[in-house]
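Raw query22.txt, compact mmCIF, C-alpha atoms:
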# COMPACT_ATOMS: atom_id res chain seq x y z
CA MET A 1 95.58 86.00 130.99
CA LYS A 2 92.13 86.33 129.41
CA PRO A 3 90.75 83.21 127.71
CA SER A 4 90.46 83.72 123.93
CA ARG A 5 86.88 83.87 122.70
CA PRO A 6 85.83 82.33 119.37
CA PRO A 7 84.95 84.97 116.76
CA ASN A 8 81.27 85.85 116.55
CA PRO A 9 80.13 85.02 112.98
CA GLU A 10 77.33 87.60 113.19
CA SER A 11 79.68 90.55 113.75
CA GLY A 12 82.56 92.19 111.87
CA TRP A 13 83.56 91.06 108.39
CA LEU A 14 82.72 87.44 109.20
CA GLN A 15 79.02 88.30 108.99
CA TRP A 16 79.40 88.49 105.18
CA ALA A 17 80.34 84.80 105.06
CA SER A 18 76.69 84.06 105.81
CA PRO A 19 74.57 83.68 102.63
CA ARG A 20 71.66 85.43 104.40
CA ASN A 21 73.67 88.58 105.19
CA PHE A 22 75.52 88.65 101.90
CA ASP A 23 72.30 88.25 99.91
CA ALA A 24 70.92 91.40 101.57
CA LEU A 25 74.15 93.35 100.90
CA ALA A 26 74.36 92.18 97.26
CA GLY A 27 70.71 93.15 96.73
CA ARG A 28 71.52 96.72 97.73
CA LEU A 29 74.60 96.95 95.47
CA VAL A 30 73.35 95.57 92.13
CA ARG A 31 71.24 98.50 90.91
CA PRO A 32 73.73 101.31 91.73
CA LEU A 33 76.51 99.30 90.06
CA LEU A 34 74.41 98.77 86.93
CA ALA A 35 73.54 102.46 86.81
CA ALA A 36 77.24 103.32 87.16
CA ALA A 37 78.09 100.84 84.37
CA VAL A 38 75.56 102.42 81.97
CA CYS A 39 76.79 105.99 82.71
CA LEU A 40 80.48 105.06 82.44
CA ALA A 41 79.93 103.08 79.22
CA GLY A 42 78.00 106.01 77.69
CA LEU A 43 80.83 108.41 78.55
CA GLY A 44 83.52 105.93 77.46
CA LEU A 45 81.85 105.30 74.09
CA PHE A 46 81.49 109.06 73.49
CA TRP A 47 85.17 109.58 74.37
CA GLY A 48 86.43 106.57 72.42
CA PHE A 49 84.22 106.71 69.33
CA TYR A 50 83.80 110.48 68.95
CA LEU A 51 86.47 112.49 70.80
CA ALA A 52 89.52 110.22 70.43
CA PRO A 53 91.67 111.00 67.36
CA ILE A 54 92.49 108.55 64.56
CA ASP A 55 95.55 106.34 65.14
CA ALA A 56 98.52 107.13 62.88
CA VAL A 57 99.30 103.46 62.15
CA GLN A 58 96.07 101.48 62.58
CA GLY A 59 93.51 104.06 61.43
CA HIS A 60 90.08 103.69 63.03
CA SER A 61 90.33 99.95 63.68
CA TYR A 62 92.18 100.70 66.94
CA ARG A 63 88.79 101.81 68.43
CA ILE A 64 88.09 98.11 69.02
CA MET A 65 90.67 98.50 71.81
CA PHE A 66 88.00 100.24 73.94
CA LEU A 67 86.01 96.98 73.93
CA HIS A 68 88.80 94.40 73.62
CA VAL A 69 91.14 95.59 76.39
CA PRO A 70 88.50 95.97 79.18
CA ALA A 71 87.06 92.55 78.29
CA SER A 72 90.56 90.99 78.44
CA TRP A 73 91.41 92.63 81.78
CA VAL A 74 88.12 91.51 83.32
CA ALA A 75 88.54 87.98 81.90
CA MET A 76 91.97 87.56 83.54
CA ILE A 77 91.23 89.22 86.88
CA VAL A 78 87.90 87.41 87.26
CA TYR A 79 89.80 84.12 86.90
CA LEU A 80 92.22 85.19 89.65
CA ALA A 81 89.23 86.14 91.84
CA MET A 82 87.69 82.73 91.10
CA ALA A 83 90.93 81.01 92.13
CA PHE A 84 91.07 83.15 95.31
CA TRP A 85 87.53 82.21 96.39
CA SER A 86 88.26 78.57 95.52
CA ALA A 87 91.30 78.65 97.82
CA VAL A 88 89.18 80.26 100.57
CA TYR A 89 86.62 77.46 100.11
CA LEU A 90 89.26 74.72 100.30
CA VAL A 91 90.77 76.22 103.48
CA PHE A 92 87.68 77.38 105.41
CA ARG A 93 84.90 75.30 103.75
CA THR A 94 82.61 78.34 103.69
CA ARG A 95 79.86 77.51 101.20
CA LEU A 96 79.47 81.13 100.08
CA SER A 97 83.09 81.08 98.79
CA ALA A 98 82.33 78.19 96.46
CA MET A 99 79.13 79.91 95.32
CA MET A 100 81.14 83.10 94.65
CA ALA A 101 83.60 81.17 92.45
CA GLN A 102 80.67 79.65 90.54
CA ALA A 103 79.01 83.05 90.14
CA LEU A 104 82.23 84.49 88.69
CA ALA A 105 82.81 81.77 86.07
CA PRO A 106 80.08 82.55 83.46
CA THR A 107 80.95 86.27 83.42
CA GLY A 108 84.65 85.42 83.10
CA ALA A 109 83.86 83.02 80.23
CA LEU A 110 81.73 85.63 78.44
CA MET A 111 84.44 88.29 78.80
CA THR A 112 87.07 85.85 77.49
CA LEU A 113 84.87 85.05 74.50
CA LEU A 114 84.32 88.77 73.83
CA SER A 115 88.06 89.36 74.12
CA LEU A 116 88.76 86.62 71.56
CA VAL A 117 86.04 87.71 69.12
CA THR A 118 86.82 91.45 69.28
CA GLY A 119 90.53 90.58 69.07
CA SER A 120 89.87 88.60 65.87
CA LEU A 121 87.86 91.48 64.41
CA TRP A 122 90.74 93.82 65.26
CA GLY A 123 93.30 91.35 63.88
CA LYS A 124 91.79 91.18 60.38
CA PRO A 125 92.42 94.84 59.37
CA THR A 126 95.64 95.06 61.41
CA TRP A 127 97.41 91.72 60.76
CA GLY A 128 95.45 90.57 57.71
CA THR A 129 94.06 87.51 59.50
CA TYR A 130 91.37 86.73 62.08
CA TRP A 131 93.44 84.15 63.94
CA VAL A 132 97.03 83.00 64.45
CA TRP A 133 98.25 80.39 66.92
CA ASP A 134 100.52 82.81 68.74
CA ALA A 135 101.18 82.66 72.49
CA ARG A 136 98.77 85.42 73.58
CA LEU A 137 95.81 84.19 71.52
CA THR A 138 96.39 80.52 72.35
CA SER A 139 96.74 81.14 76.10
CA MET A 140 93.55 83.26 76.01
CA LEU A 141 91.72 80.40 74.24
CA LEU A 142 93.01 78.07 76.96
CA LEU A 143 91.49 80.47 79.55
CA LEU A 144 88.10 80.10 77.83
CA PHE A 145 88.40 76.30 78.00
CA LEU A 146 89.34 76.52 81.69
CA TYR A 147 86.23 78.58 82.39
CA LEU A 148 84.02 76.18 80.40
CA GLY A 149 85.63 73.19 82.13
CA PHE A 150 84.98 74.75 85.55
CA ILE A 151 81.33 75.46 84.69
CA ALA A 152 80.77 71.96 83.27
CA LEU A 153 82.46 70.30 86.26
CA THR A 154 80.60 72.22 88.96
CA ARG A 155 77.24 71.66 87.22
CA SER A 156 77.67 67.96 86.48
CA VAL A 157 79.11 66.56 89.74
CA THR A 158 76.79 65.71 92.63
CA PRO A 159 76.50 66.27 95.56
CA ALA A 160 77.16 70.01 95.57
CA ARG A 161 79.97 69.75 98.17
CA ARG A 162 81.95 67.41 95.92
CA ALA A 163 81.33 69.70 92.92
CA ASP A 164 82.57 72.68 94.96
CA ALA A 165 85.78 70.87 95.91
CA ALA A 166 86.46 69.56 92.38
CA GLY A 167 85.80 72.98 90.83
CA SER A 168 88.01 74.71 93.39
CA ILE A 169 90.96 72.44 92.59
CA LEU A 170 90.52 73.03 88.83
CA ALA A 171 90.29 76.81 89.36
CA LEU A 172 93.51 76.81 91.40
CA ILE A 173 95.45 74.73 88.85
CA GLY A 174 94.21 76.91 85.98
CA ALA A 175 95.38 80.11 87.71
CA VAL A 176 98.89 79.34 86.41
CA ASN A 177 97.62 80.31 82.94
CA VAL A 178 96.90 83.96 83.91
CA PRO A 179 100.54 85.12 84.28
CA VAL A 180 101.31 83.14 81.11
CA ILE A 181 98.70 85.23 79.24
CA TYR A 182 99.99 88.50 80.70
CA PHE A 183 103.69 87.86 80.03
CA SER A 184 103.23 85.93 76.75
CA VAL A 185 104.03 89.06 74.69
CA VAL A 186 107.28 89.47 76.67
CA TRP A 187 108.41 85.84 76.87
CA TRP A 188 107.72 84.93 73.23
CA ASN A 189 107.96 86.73 69.93
CA THR A 190 104.25 87.16 69.18
CA LEU A 191 102.17 88.87 66.52
CA HIS A 192 100.09 90.42 69.31
CA GLN A 193 101.28 93.92 70.24
CA GLY A 194 102.73 94.70 73.68
CA ALA A 195 100.73 96.31 76.47
CA SER A 196 99.65 99.95 75.90
CA ILE A 197 99.69 100.51 79.68
CA SER A 198 102.30 98.72 81.77
CA PHE A 199 104.02 99.10 85.13
CA ASP A 200 107.49 99.19 83.51
CA SER A 201 107.10 101.42 80.46
CA GLY A 202 104.11 103.53 81.58
CA VAL A 203 101.45 104.72 79.11
CA SER A 204 102.13 104.70 75.36
CA ILE A 205 98.80 106.07 74.09
CA HIS A 206 97.25 109.53 73.60
CA PRO A 207 95.64 110.97 76.80
CA THR A 208 92.16 111.07 75.14
CA MET A 209 92.50 107.38 74.23
CA LEU A 210 93.67 106.61 77.77
CA THR A 211 90.63 108.41 79.26
CA ALA A 212 88.26 106.43 77.02
CA LEU A 213 90.03 103.17 77.88
CA LEU A 214 89.83 103.85 81.63
CA LEU A 215 86.15 104.84 81.40
CA MET A 216 85.28 101.68 79.45
CA SER A 217 87.30 99.57 81.89
CA ALA A 218 85.46 101.08 84.86
CA ALA A 219 82.15 100.36 83.06
CA ALA A 220 83.21 96.75 82.44
CA TRP A 221 84.10 96.33 86.11
CA ALA A 222 80.88 97.90 87.40
CA TYR A 223 78.83 95.69 85.05
CA SER A 224 80.78 92.52 85.91
CA ILE A 225 80.50 93.05 89.67
CA ALA A 226 76.75 93.74 89.35
CA VAL A 227 76.19 90.61 87.25
CA VAL A 228 78.31 88.40 89.52
CA LEU A 229 76.48 89.62 92.63
CA SER A 230 73.16 89.06 90.90
CA ARG A 231 74.16 85.51 89.88
CA LEU A 232 75.37 84.84 93.40
CA ARG A 233 71.89 85.76 94.68
CA VAL A 234 70.35 83.27 92.24
CA LEU A 235 72.77 80.55 93.42
CA VAL A 236 71.95 81.34 97.05
CA LEU A 237 68.22 81.05 96.28
CA GLU A 238 68.73 77.72 94.48
CA ARG A 239 70.93 76.19 97.15
CA GLU A 240 69.27 77.60 100.26
CA ALA A 241 65.69 77.26 99.02
CA GLN A 242 64.81 75.09 102.03
CA ALA A 243 66.32 77.49 104.59
CA GLU A 244 63.97 79.31 106.97
CA TRP A 245 65.35 82.76 106.16
CA VAL A 246 64.79 82.27 102.40
CA GLY A 247 61.17 81.34 103.06
CA ARG A 248 60.68 84.38 105.29
CA ARG A 249 62.39 86.79 102.88
CA TYR A 250 61.12 85.52 99.53
CA GLY A 251 58.37 83.00 100.31
CA ALA A 252 55.35 85.29 100.00
CA PRO A 253 54.40 86.04 96.38
CA GLY A 254 54.47 89.64 95.15
CA GLN A 255 56.70 90.97 97.95
CA SER A 256 57.93 94.40 97.03
CA ARG A 257 61.56 95.50 97.33
CA ASN A 258 60.64 97.70 100.32
CA GLU A 259 58.91 94.82 102.10
CA ILE A 260 61.97 92.60 101.64
CA ARG A 261 64.22 95.40 102.96
CA ARG A 262 61.95 95.88 105.99
CA LEU A 263 62.10 92.13 106.70
CA ASP A 264 65.92 92.25 106.43
CA GLU A 265 66.05 95.07 108.96
CA THR A 266 63.65 93.27 111.32
CA GLU A 267 65.75 90.08 111.13
CA SER A 268 69.01 91.88 111.82
CA MET B 1 86.30 112.00 65.31
CA SER B 2 84.73 115.41 66.00
CA GLY B 3 84.42 117.33 62.70
CA TYR B 4 83.70 114.17 60.64
CA SER B 5 80.44 113.74 58.70
CA LEU B 6 77.97 111.02 59.74
CA HIS B 7 78.84 108.99 56.63
CA GLU B 8 82.57 109.09 57.48
CA TRP B 9 81.80 108.23 61.08
CA VAL B 10 79.84 105.14 60.03
CA LEU B 11 82.45 103.96 57.51
CA LEU B 12 85.44 104.68 59.82
CA GLY B 13 87.85 104.69 56.91
CA GLY B 14 86.78 101.23 55.73
CA HIS B 15 87.11 99.69 59.23
CA GLY B 16 83.50 100.40 60.24
CA VAL B 17 82.40 96.82 59.63
CA TYR B 18 84.95 95.49 62.19
CA VAL B 19 84.43 98.24 64.76
CA TRP B 20 80.63 98.32 64.69
CA THR B 21 80.37 94.50 64.62
CA SER B 22 82.56 94.37 67.74
CA LEU B 23 80.38 96.95 69.48
CA ALA B 24 77.14 95.19 68.46
CA LEU B 25 78.43 91.80 69.66
CA CYS B 26 79.47 93.26 73.03
CA LEU B 27 76.06 94.90 73.49
CA VAL B 28 74.18 91.70 72.55
CA ALA B 29 76.37 89.61 74.90
CA VAL B 30 76.00 91.98 77.85
CA LEU B 31 72.23 92.48 77.44
CA GLY B 32 71.75 88.75 76.79
CA GLU B 33 73.65 87.78 79.95
CA TRP B 34 71.53 90.18 82.01
CA ALA B 35 68.27 88.86 80.48
CA VAL B 36 69.26 85.23 81.15
CA LEU B 37 70.10 86.13 84.73
CA ARG B 38 66.72 87.85 85.25
CA GLN B 39 64.96 84.72 83.99
CA ALA B 40 67.04 82.49 86.28
CA ARG B 41 66.17 84.68 89.30
CA LYS B 42 62.47 84.60 88.38
CA ARG B 43 62.56 80.78 88.19
CA ALA B 44 64.45 80.50 91.50
CA LEU B 45 61.94 82.81 93.23
CA GLN B 46 58.99 80.80 91.85
CA ARG B 47 60.57 77.60 93.21
CA VAL B 48 61.12 79.17 96.64
CA ARG B 49 57.48 80.32 96.74
CA ARG B 50 56.24 76.87 95.72
CA LEU B 51 58.32 75.25 98.45
CA HIS B 52 57.13 77.82 100.97
CA ARG B 53 53.45 77.22 100.04
CA ALA B 54 53.96 73.44 100.33
CA LYS B 55 55.54 73.88 103.77
CA GLN B 56 52.72 76.16 104.91
CA GLY B 57 50.17 73.65 103.60
CA SER B 58 51.73 70.74 105.49
CA ARG B 59 51.92 72.88 108.68
CA ASP B 60 48.21 73.79 108.34
CA ASN B 61 47.30 70.10 107.84
CA ASP B 62 49.32 69.13 110.93
CA GLY B 63 47.48 71.82 112.93
CA LYS B 64 44.09 70.48 111.80
CA ALA B 65 45.05 66.86 112.62
CA ASP B 66 45.97 67.94 116.18

Show the structure stored in the file as structure tokens.
Amino acid sequence: MKPSRPPNPESGWLQWASPRNFDALAGRLVRPLLAAAVCLAGLGLFWGFYLAPIDAVQGHSYRIMFLHVPASWVAMIVYLAMAFWSAVYLVFRTRLSAMMAQALAPTGALMTLLSLVTGSLWGKPTWGTYWVWDARLTSMLLLLFLYLGFIALTRSVTPARRADAAGSILALIGAVNVPVIYFSVVWWNTLHQGASISFDSGVSIHPTMLTALLLMSAAAWAYSIAVVLSRLRVLVLEREAQAEWVGRRYGAPGQSRNEIRRLDETES
Amino acid sequence: MSGYSLHEWVLLGGHGVYVWTSLALCLVAVLGEWAVLRQARKRALQRVRRLHRAKQGSRDNDGKAD
């Protein structure tokens, strides 16, 4: 029987657990993702604000859906991603996992805020009020507080390792709120309408509206991933400022993108 | 919306104020987040370069002392 060898952290998928390797990968992804986000948002806005027909019941106010729904989806899934990376941190103690959770939180908080604000602006012409304490709206507000709590906790506790652990536990506990948000319109009698796209009942909107919604959602995802990767690179720079590789890659002033890429290739 | 006049498109049947405010807020939030992030990266890079210069300086001084 062959003796089992420990996995080599510099090969396979494990290499991306290293801040040095992941920083190089993230640097290559940010610009294409941003370009994709701009193109998709342009197309989505054209489809949603020009091509899509007027809604028979809500009139033109339904067009807020093309902003509100992608923001809400991103807000919920980013929280689940944050909880996932927190769990990975608690199990494997990989510092990049904790940094990933912390890079996700501000974007998740912003998307939750946008979901709440655009939802209020949609609520006024549709329900006659900006806000009601119904299950969907209240659980979404709770999600915003969870994000803000996570950000405050991870930025106020020292040392960083303790902040990472405390934030990870909070992120995991708060994950219970995400299914509550999703199923709130099913479990309780709420003012908020049911899902326009669901696994059970399929799609209940016009195909042009669906195309616009999917384009805007893809744009929101491309933007969010780009911003999270970019924030992760900032966190890596802040935390690993003393590391040799950071000094080699970013230490010299005025290094161009090509020079940094050449250094990455030389190192690897 | 195709076939509508510009005036009708702006007013959106009286809902324009809600729809365009939502769009403007989303744009401001997204562009603002990106701008804040660019500033944070600039600051982090400046700090790394300062640290690197300080390290280089102390290495040079050690070399001279030897």

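Taking CA of Phe150 in chain A and CA of Leu31 in chain B as endpoints, the distance between them is 23.3 Å.
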
So that each row is one residue of chain A with an atom at most 8 Å from chain B, can you give its shortest atom pair and the distance in Å to one decimal, using only C-alpha atoms, rows by chain and rising number, as JSON lines?
{"residue": "A:Phe49", "atom": "CA", "partner": "B:Met1", "partner_atom": "CA", "distance": 7.0}
{"residue": "A:Tyr50", "atom": "CA", "partner": "B:Met1", "partner_atom": "CA", "distance": 4.7}
{"residue": "A:Leu51", "atom": "CA", "partner": "B:Met1", "partner_atom": "CA", "distance": 5.5}
{"residue": "A:Ala52", "atom": "CA", "partner": "B:Met1", "partner_atom": "CA", "distance": 6.3}
{"residue": "A:Pro53", "atom": "CA", "partner": "B:Met1", "partner_atom": "CA", "distance": 5.8}
{"residue": "A:Ile54", "atom": "CA", "partner": "B:Met1", "partner_atom": "CA", "distance": 7.1}
{"residue": "A:Gly59", "atom": "CA", "partner": "B:Gly13", "partner_atom": "CA", "distance": 7.3}
{"residue": "A:His60", "atom": "CA", "partner": "B:Leu12", "partner_atom": "CA", "distance": 5.7}
{"residue": "A:Ser61", "atom": "CA", "partner": "B:His15", "partner_atom": "CA", "distance": 5.5}
{"residue": "A:Arg63", "atom": "CA", "partner": "B:Val19", "partner_atom": "CA", "distance": 6.7}
{"residue": "A:Ile64", "atom": "CA", "partner": "B:Val19", "partner_atom": "CA", "distance": 5.6}
{"residue": "A:Leu67", "atom": "CA", "partner": "B:Leu23", "partner_atom": "CA", "distance": 7.2}
{"residue": "A:Leu110", "atom": "CA", "partner": "B:Ala29", "partner_atom": "CA", "distance": 7.6}
{"residue": "A:Leu114", "atom": "CA", "partner": "B:Cys26", "partner_atom": "CA", "distance": 6.7}
{"residue": "A:Val117", "atom": "CA", "partner": "B:Ser22", "partner_atom": "CA", "distance": 7.6}
{"residue": "A:Thr118", "atom": "CA", "partner": "B:Ser22", "partner_atom": "CA", "distance": 5.4}
{"residue": "A:Leu121", "atom": "CA", "partner": "B:Tyr18", "partner_atom": "CA", "distance": 5.4}
{"residue": "A:Trp122", "atom": "CA", "partner": "B:Tyr18", "partner_atom": "CA", "distance": 6.8}
{"residue": "A:Pro125", "atom": "CA", "partner": "B:His15", "partner_atom": "CA", "distance": 7.2}
{"residue": "A:Val227", "atom": "CA", "partner": "B:Trp34", "partner_atom": "CA", "distance": 7.0}
{"residue": "A:Ser230", "atom": "CA", "partner": "B:Leu37", "partner_atom": "CA", "distance": 7.5}
{"residue": "A:Arg231", "atom": "CA", "partner": "B:Leu37", "partner_atom": "CA", "distance": 6.6}
{"residue": "A:Arg233", "atom": "CA", "partner": "B:Arg41", "partner_atom": "CA", "distance": 7.9}
{"residue": "A:Val234", "atom": "CA", "partner": "B:Arg41", "partner_atom": "CA", "distance": 5.3}
{"residue": "A:Leu237", "atom": "CA", "partner": "B:Ala44", "partner_atom": "CA", "distance": 6.1}
{"residue": "A:Glu238", "atom": "CA", "partner": "B:Ala44", "partner_atom": "CA", "distance": 5.9}
{"residue": "A:Ala241", "atom": "CA", "partner": "B:Val48", "partner_atom": "CA", "distance": 5.5}
{"residue": "A:Gln242", "atom": "CA", "partner": "B:Leu51", "partner_atom": "CA", "distance": 7.4}
{"residue": "A:Val246", "atom": "CA", "partner": "B:Val48", "partner_atom": "CA", "distance": 7.5}
{"residue": "A:Gly247", "atom": "CA", "partner": "B:His52", "partner_atom": "CA", "distance": 5.8}
{"residue": "A:Tyr250", "atom": "CA", "partner": "B:Leu45", "partner_atom": "CA", "distance": 6.9}
{"residue": "A:Gly251", "atom": "CA", "partner": "B:Arg49", "partner_atom": "CA", "distance": 4.6}
{"residue": "A:Ala252", "atom": "CA", "partner": "B:Arg49", "partner_atom": "CA", "distance": 6.3}
{"residue": "A:Pro253", "atom": "CA", "partner": "B:Arg49", "partner_atom": "CA", "distance": 6.5}

* Tell me, in Å to one decimal, how far CA of Leu45 in chain A is from CA of Met82 in chain A. => 28.9 Å

* Computed interatomic separation between CA of Trp85 in chain A and CA of Ser97 in chain A (Å) -> 5.2 Å

Who sits within 6 Å of Ala103 in chain A, all atoms listed in the file, same chain under 3 positions skipped, as a PDB file with C-alpha atoms, in the coordinates of the input:
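The result, stored in around-v9.pdb:
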ATOM      1  CA  MET A 100      81.140  83.100  94.650  1.00  0.00           C
ATOM      2  CA  VAL A 228      78.310  88.400  89.520  1.00  0.00           C
ATOM      3  CA  ARG A 231      74.160  85.510  89.880  1.00  0.00           C
ATOM      4  CA  LEU A 232      75.370  84.840  93.400  1.00  0.00           C
TER       5      LEU A 232
END
